[in-house]
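Here's my_file_8.txt, which has compact mmCIF, C-alpha atoms:
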# COMPACT_ATOMS: atom_id res chain seq x y z
CA MET A 1 126.38 -106.47 68.56
CA PRO A 2 127.16 -107.05 64.85
CA PRO A 3 126.81 -110.64 63.67
CA GLY A 4 129.97 -112.73 63.63
CA PRO A 5 131.49 -114.39 60.58
CA ALA A 6 129.75 -117.70 61.28
CA SER A 7 126.33 -116.12 60.72
CA ARG A 8 127.27 -114.21 57.56
CA HIS A 9 125.71 -116.70 55.15
CA ASP A 10 122.35 -116.55 56.94
CA ARG A 11 121.87 -112.79 56.94
CA PRO A 12 118.85 -111.31 55.13
CA ILE A 13 119.62 -109.10 52.13
CA PHE A 14 117.59 -105.97 51.42
CA VAL A 15 117.99 -104.18 48.08
CA LEU A 16 117.03 -100.52 47.95
CA GLY A 17 117.45 -97.52 45.69
CA CYS A 18 115.45 -94.78 44.07
CA ALA A 19 112.65 -96.09 41.88
CA ARG A 20 113.87 -96.68 38.31
CA SER A 21 117.48 -97.05 39.41
CA GLY A 22 117.81 -100.66 38.20
CA THR A 23 116.81 -102.49 41.37
CA THR A 24 114.78 -105.04 39.39
CA LEU A 25 117.84 -105.88 37.31
CA LEU A 26 119.93 -106.25 40.45
CA ARG A 27 117.23 -108.40 42.06
CA LEU A 28 117.33 -110.77 39.11
CA MET A 29 121.12 -110.92 39.25
CA LEU A 30 121.05 -111.84 42.92
CA HIS A 31 118.24 -114.36 42.43
CA ALA A 32 120.36 -116.04 39.76
CA HIS A 33 122.88 -116.90 42.48
CA PRO A 34 122.55 -120.57 43.50
CA ARG A 35 122.30 -119.70 47.21
CA ILE A 36 120.16 -116.53 47.19
CA ALA A 37 116.40 -116.20 46.64
CA ILE A 38 114.91 -112.75 46.15
CA PRO A 39 111.31 -112.61 44.92
CA GLU A 40 109.69 -110.11 42.63
CA GLU A 41 108.45 -107.05 44.43
CA THR A 42 105.74 -107.64 47.03
CA ARG A 43 104.05 -105.21 49.39
CA PHE A 44 103.47 -107.06 52.62
CA VAL A 45 106.46 -106.21 54.81
CA VAL A 46 105.78 -102.52 55.43
CA PRO A 47 101.96 -102.86 55.72
CA THR A 48 102.38 -105.72 58.20
CA TRP A 49 104.88 -103.67 60.18
CA THR A 50 102.52 -100.69 60.23
CA ALA A 51 99.62 -102.90 61.43
CA ARG A 52 101.64 -104.81 64.03
CA CYS A 53 99.77 -103.39 67.02
CA ASP A 54 96.45 -104.63 65.60
CA PHE A 55 97.23 -108.32 66.15
CA GLY A 56 97.69 -108.24 69.90
CA ASP A 57 99.96 -110.45 71.96
CA LEU A 58 101.67 -112.88 69.58
CA THR A 59 102.45 -115.30 72.38
CA GLU A 60 98.81 -116.33 71.89
CA ARG A 61 98.47 -118.85 69.05
CA GLY A 62 95.16 -117.38 67.93
CA ASN A 63 96.78 -113.99 67.38
CA ARG A 64 99.65 -115.53 65.44
CA ARG A 65 97.10 -117.30 63.26
CA ALA A 66 95.23 -114.05 62.64
CA LEU A 67 98.50 -112.39 61.66
CA ALA A 68 99.43 -115.28 59.37
CA GLU A 69 96.02 -115.28 57.71
CA TRP A 70 96.24 -111.54 57.13
CA ILE A 71 99.69 -111.81 55.57
CA THR A 72 98.76 -114.68 53.24
CA GLY A 73 95.19 -113.66 52.47
CA ASN A 74 95.47 -109.96 51.64
CA ARG A 75 95.90 -109.83 47.87
CA SER A 76 96.80 -106.13 47.95
CA THR A 77 100.14 -107.11 49.50
CA LYS A 78 100.91 -109.48 46.57
CA VAL A 79 102.07 -112.38 48.76
CA HIS A 80 100.39 -114.67 46.24
CA VAL A 81 103.16 -113.97 43.70
CA LEU A 82 105.57 -115.96 45.88
CA GLY A 83 103.87 -119.19 44.83
CA LEU A 84 103.65 -120.55 48.38
CA ASP A 85 101.04 -122.81 49.96
CA PRO A 86 99.13 -120.39 52.22
CA ALA A 87 97.98 -123.10 54.62
CA ALA A 88 101.53 -124.37 55.11
CA VAL A 89 102.84 -120.83 55.70
CA ILE A 90 100.08 -120.16 58.23
CA ASP A 91 100.89 -123.35 60.12
CA GLU A 92 104.60 -122.49 60.15
CA ILE A 93 103.96 -118.98 61.49
CA VAL A 94 101.63 -120.32 64.18
CA ALA A 95 104.28 -122.82 65.24
CA GLY A 96 107.09 -120.29 65.05
CA PRO A 97 108.53 -117.74 67.49
CA PRO A 98 106.00 -115.13 68.68
CA THR A 99 107.51 -112.05 67.04
CA LEU A 100 106.60 -110.09 63.93
CA GLY A 101 110.08 -110.42 62.45
CA SER A 102 109.86 -114.19 62.82
CA ALA A 103 106.53 -114.30 60.98
CA LEU A 104 107.87 -112.26 58.07
CA GLY A 105 111.11 -114.24 58.05
CA ILE A 106 109.13 -117.47 57.82
CA VAL A 107 107.45 -116.24 54.63
CA PHE A 108 110.74 -115.38 52.95
CA ARG A 109 112.41 -118.53 54.25
CA ALA A 110 109.59 -120.59 52.72
CA TYR A 111 110.16 -118.81 49.40
CA ALA A 112 113.89 -119.58 49.54
CA ARG A 113 113.13 -123.19 50.45
CA LEU A 114 110.78 -123.43 47.45
CA HIS A 115 113.73 -122.53 45.23
CA GLY A 116 116.13 -124.84 47.03
CA LYS A 117 118.20 -121.99 48.43
CA PRO A 118 119.40 -121.33 51.98
CA ARG A 119 119.42 -117.53 51.94
CA TRP A 120 116.69 -114.98 51.30
CA GLY A 121 116.37 -111.31 50.54
CA ASP A 122 113.83 -108.76 49.40
CA LYS A 123 113.75 -105.73 47.14
CA ARG A 124 111.73 -102.52 47.27
CA PRO A 125 112.91 -99.02 46.43
CA SER A 126 110.96 -97.66 49.41
CA TYR A 127 113.08 -99.69 51.84
CA ALA A 128 115.38 -96.67 52.00
CA ARG A 129 112.67 -94.97 54.07
CA HIS A 130 111.99 -98.04 56.20
CA ALA A 131 115.51 -99.28 56.92
CA GLY A 132 115.13 -98.52 60.63
CA SER A 133 112.06 -100.74 60.87
CA LEU A 134 113.77 -103.53 58.94
CA LEU A 135 116.75 -103.35 61.28
CA ARG A 136 114.52 -103.67 64.32
CA MET A 137 113.14 -106.90 62.88
CA PHE A 138 116.35 -108.14 61.26
CA PRO A 139 119.30 -106.55 63.08
CA ASP A 140 121.80 -108.73 61.21
CA ALA A 141 120.51 -107.70 57.76
CA GLN A 142 122.76 -106.52 54.96
CA PHE A 143 121.64 -103.60 52.78
CA VAL A 144 122.58 -103.13 49.13
CA HIS A 145 121.96 -99.63 47.77
CA LEU A 146 121.96 -99.28 43.98
CA ILE A 147 122.65 -95.71 42.88
CA ARG A 148 121.96 -94.36 39.41
CA ASP A 149 122.36 -90.87 37.94
CA GLY A 150 119.44 -88.96 39.43
CA ARG A 151 118.61 -87.36 36.10
CA ASP A 152 118.13 -90.79 34.50
CA CYS A 153 115.93 -91.86 37.44
CA VAL A 154 113.81 -88.71 37.14
CA SER A 155 113.35 -89.03 33.39
CA SER A 156 112.38 -92.70 33.71
CA LEU A 157 109.97 -92.05 36.58
CA LEU A 158 108.12 -89.42 34.56
CA GLU A 159 107.51 -92.00 31.82
CA MET A 160 106.00 -94.64 34.11
CA PRO A 161 102.23 -95.24 33.81
CA TRP A 162 102.03 -95.87 37.57
CA TYR A 163 103.88 -92.72 38.64
CA LYS A 164 101.48 -89.97 39.70
CA GLY A 165 103.94 -87.27 40.76
CA ASP A 166 105.49 -84.48 38.71
CA VAL A 167 109.12 -83.64 38.05
CA HIS A 168 109.45 -81.80 41.38
CA HIS A 169 108.41 -84.88 43.36
CA ALA A 170 110.62 -87.14 41.22
CA ILE A 171 113.64 -84.95 41.93
CA ALA A 172 112.81 -84.95 45.64
CA VAL A 173 112.52 -88.75 45.67
CA TRP A 174 116.07 -89.22 44.34
CA ARG A 175 117.56 -86.66 46.71
CA GLU A 176 115.75 -88.18 49.72
CA THR A 177 116.86 -91.71 48.79
CA ILE A 178 120.49 -90.65 48.52
CA ASP A 179 120.35 -88.89 51.89
CA GLN A 180 118.62 -91.85 53.53
CA GLY A 181 121.31 -94.15 52.16
CA ARG A 182 124.05 -91.94 53.55
CA ARG A 183 122.51 -92.01 57.01
CA LEU A 184 122.19 -95.79 56.80
CA ALA A 185 125.83 -96.11 55.73
CA ARG A 186 126.98 -94.10 58.75
CA ARG A 187 124.80 -96.18 61.04
CA LEU A 188 125.81 -99.61 59.77
CA GLY A 189 129.32 -99.44 58.37
CA PRO A 190 130.87 -101.49 55.55
CA ASP A 191 129.96 -104.92 56.97
CA SER A 192 126.23 -104.27 56.63
CA TYR A 193 125.87 -101.55 53.97
CA HIS A 194 127.14 -101.64 50.39
CA GLU A 195 126.70 -99.15 47.57
CA LEU A 196 127.12 -99.87 43.90
CA ARG A 197 126.56 -97.74 40.85
CA TYR A 198 124.13 -98.75 38.13
CA GLU A 199 126.43 -97.42 35.41
CA ARG A 200 129.32 -99.58 36.58
CA LEU A 201 127.05 -102.58 37.08
CA VAL A 202 125.86 -102.59 33.46
CA ALA A 203 129.34 -101.78 32.10
CA ASP A 204 131.15 -104.46 34.10
CA PRO A 205 128.63 -106.90 35.58
CA ALA A 206 131.18 -109.54 36.54
CA GLY A 207 133.44 -107.09 38.34
CA GLU A 208 130.69 -105.31 40.24
CA LEU A 209 128.89 -108.53 41.17
CA THR A 210 132.15 -110.10 42.35
CA ARG A 211 132.61 -107.17 44.73
CA LEU A 212 128.98 -107.42 45.82
CA CYS A 213 129.37 -111.13 46.53
CA GLY A 214 132.46 -110.36 48.58
CA PHE A 215 130.36 -108.02 50.71
CA LEU A 216 127.66 -110.68 51.09
CA GLY A 217 130.17 -113.39 51.97
CA GLU A 218 129.22 -115.46 48.93
CA ASP A 219 131.16 -116.84 46.00
CA PHE A 220 130.53 -115.10 42.69
CA ASP A 221 128.61 -117.17 40.15
CA PRO A 222 128.82 -116.26 36.43
CA ALA A 223 125.08 -116.94 36.04
CA MET A 224 124.49 -113.65 37.84
CA THR A 225 125.71 -111.74 34.77
CA ARG A 226 123.03 -113.31 32.57
CA PRO A 227 119.72 -112.40 34.26
CA GLU A 228 117.80 -112.10 31.00
CA GLY A 229 116.89 -115.80 30.89
CA LEU A 230 115.51 -115.61 34.40
CA ALA A 231 113.67 -112.38 33.55
CA GLN A 232 111.88 -114.05 30.64
CA ARG A 233 110.33 -116.47 33.16
CA ALA A 234 110.07 -114.29 36.25
CA VAL A 235 109.12 -110.81 35.00
CA SER A 236 105.50 -110.35 33.99
CA SER A 237 104.98 -109.23 30.40
CA GLN A 238 102.30 -106.89 31.75
CA LYS A 239 105.06 -104.83 33.39
CA GLU A 240 106.22 -103.20 30.20
CA TRP A 241 108.51 -100.89 32.15
CA HIS A 242 110.66 -103.92 33.06
CA GLY A 243 110.87 -105.12 29.46
CA ARG A 244 114.58 -104.36 29.11
CA THR A 245 115.42 -106.87 31.83
CA ARG A 246 114.47 -109.60 29.34
CA GLY A 247 117.36 -108.59 27.10
CA ALA A 248 121.12 -108.74 27.64
CA VAL A 249 122.64 -106.31 30.13
CA THR A 250 123.40 -103.09 28.27
CA THR A 251 124.67 -99.55 28.83
CA SER A 252 122.32 -98.12 26.20
CA ARG A 253 120.22 -96.14 28.67
CA VAL A 254 123.10 -94.58 30.56
CA GLY A 255 122.90 -90.79 30.22
CA SER A 256 119.65 -90.88 28.23
CA TRP A 257 118.30 -88.10 30.46
CA ALA A 258 119.87 -85.59 28.05
CA GLU A 259 117.26 -86.47 25.42
CA ARG A 260 114.37 -87.38 27.72
CA LEU A 261 114.20 -84.28 29.93
CA GLU A 262 113.48 -80.67 29.03
CA PRO A 263 116.40 -78.26 29.62
CA TRP A 264 114.62 -76.58 32.54
CA GLU A 265 113.98 -79.98 34.15
CA ILE A 266 117.67 -80.86 33.89
CA SER A 267 118.62 -77.48 35.38
CA LEU A 268 116.14 -77.91 38.21
CA ALA A 269 117.43 -81.39 39.02
CA GLU A 270 121.02 -80.20 39.07
CA ALA A 271 120.11 -77.23 41.26
CA ALA A 272 118.32 -79.55 43.71
CA PHE A 273 120.89 -82.34 43.93
CA GLY A 274 123.92 -81.25 41.93
CA GLU A 275 126.33 -81.61 44.84
CA ARG A 276 125.23 -85.18 45.35
CA LEU A 277 125.66 -85.91 41.62
CA ALA A 278 129.18 -84.53 41.73
CA GLU A 279 130.13 -86.62 44.74
CA TYR A 280 129.26 -89.75 42.76
CA GLY A 281 131.19 -88.54 39.72
CA TYR A 282 128.26 -87.59 37.47
CA GLU A 283 129.08 -84.74 35.09
CA PRO A 284 126.90 -81.60 35.10
CA SER A 285 125.14 -80.52 31.94
CA GLY A 286 126.46 -76.98 31.94
CA LEU A 287 122.97 -75.57 31.46
CA PRO A 288 122.07 -72.25 33.14
CA LYS A 289 120.19 -72.18 36.42
CA PRO A 290 116.44 -72.92 36.30
CA PRO A 291 113.80 -70.20 36.60
CA VAL A 292 113.28 -68.83 40.10
CA SER A 293 109.62 -69.85 39.94
CA GLN A 294 110.57 -73.51 39.44
CA LEU A 295 113.06 -73.41 42.30
CA ALA A 296 110.40 -71.91 44.55
CA HIS A 297 107.92 -74.62 43.52
CA PHE A 298 110.47 -77.33 44.26
CA THR A 299 111.17 -75.82 47.68
CA ARG A 300 107.47 -75.96 48.53
CA VAL A 301 107.16 -79.57 47.36
CA SER A 302 110.24 -80.58 49.33
CA SER A 303 108.93 -78.88 52.48
CA HIS A 304 105.55 -80.60 52.19
CA ARG A 305 107.25 -83.97 51.76
CA ARG A 306 109.43 -83.39 54.85
CA MET A 307 106.33 -82.46 56.86
CA ALA A 308 104.54 -85.64 55.77
CA GLN A 309 107.58 -87.73 56.67
CA HIS A 310 107.76 -86.05 60.09
CA LYS A 311 104.13 -86.95 60.73
CA ASP A 312 104.83 -90.54 59.69
CA ALA A 313 107.73 -90.62 62.15
CA LEU A 314 105.48 -89.39 64.97
CA ARG A 315 102.92 -92.09 64.20
CA GLU A 316 105.67 -94.69 64.16
CA ARG A 317 106.93 -93.59 67.59
CA TRP A 318 103.39 -93.99 68.95
CA ARG A 319 103.16 -97.52 67.53
CA GLN A 320 106.54 -98.41 68.97
CA ARG A 321 105.40 -97.41 72.46
CA HIS A 322 102.35 -99.64 72.09
CA GLU A 323 103.97 -102.76 70.65
CA PRO A 324 102.57 -105.81 72.47
CA ASN A 325 105.67 -107.95 71.76
CA PRO A 326 109.32 -107.76 70.77
CA VAL A 327 109.64 -107.53 66.99
CA GLU A 328 113.08 -109.06 66.36
CA CYS A 329 113.25 -112.20 64.22
CA ARG A 330 114.14 -115.24 66.33
CA LEU A 331 114.39 -117.90 63.66
CA THR A 332 117.30 -120.31 63.82
CA PRO A 333 119.15 -121.29 60.64
CA GLU A 334 117.69 -124.17 58.70
CA PRO A 335 119.83 -127.14 57.64
CA SER A 336 121.76 -126.51 54.44
CA THR A 337 119.92 -127.12 51.17
CA SER A 338 121.25 -127.43 47.67
CA ALA A 339 120.00 -125.28 44.83
CA THR A 340 117.69 -126.80 42.29

As C-alpha cells, what does this structure read like?
Amino acid sequence: MPPGPASRHDRPIFVLGCARSGTTLLRLMLHAHPRIAIPEETRFVVPTWTARCDFGDLTERGNRRALAEWITGNRSTKVHVLGLDPAAVIDEIVAGPPTLGSALGIVFRAYARLHGKPRWGDKRPSYARHAGSLLRMFPDAQFVHLIRDGRDCVSSLLEMPWYKGDVHHAIAVWRETIDQGRRLARRLGPDSYHELRYERLVADPAGELTRLCGFLGEDFDPAMTRPEGLAQRAVSSQKEWHGRTRGAVTTSRVGSWAERLEPWEISLAEAAFGERLAEYGYEPSGLPKPPVSQLAHFTRVSSHRRMAQHKDALRERWRQRHEPNPVECRLTPEPSTSAT
C-alpha cells in the first residue's frame, strides 16, 4: 500500500539518470535544502544488496555485526566519504532491526543526522537498473529521474577519463536508462516517481526545484538554486569532470553535442533513440541516416547488453529465493532535528 501523507516527509529519495545527465548538480541542489541530506556518490548499496545472502540470518547479532563491519570497512564502496564514525554505525546496525534495508537505512540516517537533517536520499545513475531492488528495501521511496538530451550525455560520456565504452555503448546506456525510467513511472505513479529535464532545470532552477519540492512534500528553499558554494566544499577537485558544479548554474552546455560529436555519431544516436528524443521535445539534427555498418554494430552491442542484463536478472532471482531474511527497512522515524 502506498505511504500516506503523514509519512511523506520521511520517505527516502533516490536520484537517477543516465551518467553525465546532471545528477551531481541535482544532488547538490537537494543537499542544499535544510531538511534533505544526500551524500556524494558512494558504491555500497548495490554491492551490499548483491552480497546479502553471504551474511546469513540477520536475527543473529553476530551476523548483523559482520554485515555492519563489511559495509563500513570496505573502502571500495566509498562509505568512508560519508564522514561517519564506523564504530558508532556498527553498533547502531547491530542494535537495529534485522533486515538489510534497515542496515543500509541506518547508514544514510546517520549521515543525515550528522548534517542536522531529518531526511535522507542517495544518488547514482545506475539506480535506474536497480530500482526494483531499492523498492524491495524501501517500498515508500520516491524516485527523481533527471533527463538530459541523449546526444549531450553521449558526447560527455565519451570525454570522461573513467568511461571505458565506445559511442555504441554510450548510446545504449541512454536508451536503456530512458526505458527503465518509463517502466518505473508506470509501476509507481506520480506520487513516487518524478521526471525533470536538465535543460529546464538549468534555465529555470527556481521553477523546476519548486515543482520538485512539491513532489517531495517539502517547501522550496532558495538556497537550492545556488549549489556552487556547496560544491566548492563538497566536490573533490580531483573529479575534474564535476568542475562546472563549482560555478553558477548555466545553460552553456545545452546542445553542445553539435560540436562535440562527429556527424555519423549524431546520426547513429538519432537512429537508435530518435523517437525517445522527440517525445521529450528534443529537435533532430536533420543529418542523413548513419552507415549500415554502424547500425549493425550498434545492434550487436545492444543485443550483447540485453543478454548480460538477462543473466544478471537470473542471478538476482536465484538470490531472492535464497534470502535468509526479509529485506524491507523497518526503521521508525527519528525525532525531528533542526538543520545546522

- Within 9 Å of (107.5, -93.7, 54.0), in the coordinates the file gives, what residues turn up when you count only C-alpha atoms, written out as a list in words?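 The residues that fall inside the cut-off are Ser126, Tyr127, Ala128, Arg129, His130, Ala308, Gln309, Asp312 and Ala313 of chain A.
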
- Figure out the distance between atom CA of A:Ser155 and atom CA of A:Tyr198, please, to one decimal in Å.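 We find that atom CA of A:Tyr198 and atom CA of A:Ser155 lie 15.3 Å from each other.
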
- Message: Using all atoms listed in the file for the distances, tell me which of A:Met224, A:Val301, A:Ala272, A:Ile13 is nearest to A:Leu30.
- Response: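 Using all atoms listed in the file, the shortest distance to A:Leu30 belongs to A:Met224.
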
- Task: Would you work out the distance separating atom CA of A:Gly105 from atom CA of A:Pro47, expressed in Å to one decimal?
- Result: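 Between these atoms lies a distance of 14.8 Å.
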
- Item | Spatial neighbours of A:Leu104, max dist 9 Å, only C-alpha atoms, sep filter under 6 positions, as a list in words |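 Final neighbour list, sorted by chain and number: Phe44, Val45, Thr48, Ile71, Ile93, Met137 and Cys329 of chain A.
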
- Distance of atom CA of A:Asp179 from atom CA of A:Trp49, expressed in Å to one decimal place: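 Rounded to one decimal, the two atoms are 22.9 Å apart.
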
Mind working out the centre and edge lengths of an axis-aligned box for stretch 220-228 of chain A, all listed atoms inside, 4 Å added to each side, rounded to one decimal in Å and written as lines of an AutoDock Vina configuration file?
center_x = 124.2
center_y = -114.5
center_z = 36.8
size_x = 20.7
size_y = 13.4
size_z = 19.7

- Task: Write out as a VMD selection string each polymer residue whose atoms come within 9 Å of A:Glu199, counting only C-alpha atoms; drop sequence neighbours fewer than 2 positions from it.
- Result: chain A and resid 147 to 149 196 to 197 201 to 204 251 254

- From A:Arg75, A:Arg109, A:Arg200, A:Arg20, residue lying nearest A:Val154 [all atoms listed in the file]: A:Arg20

- Best match for closeness to A:Gly56 among A:Ser192, A:Ser256, A:Thr99, A:Gln142, counting all atoms listed in the file: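 Smallest separation from A:Gly56 among the options: A:Thr99.
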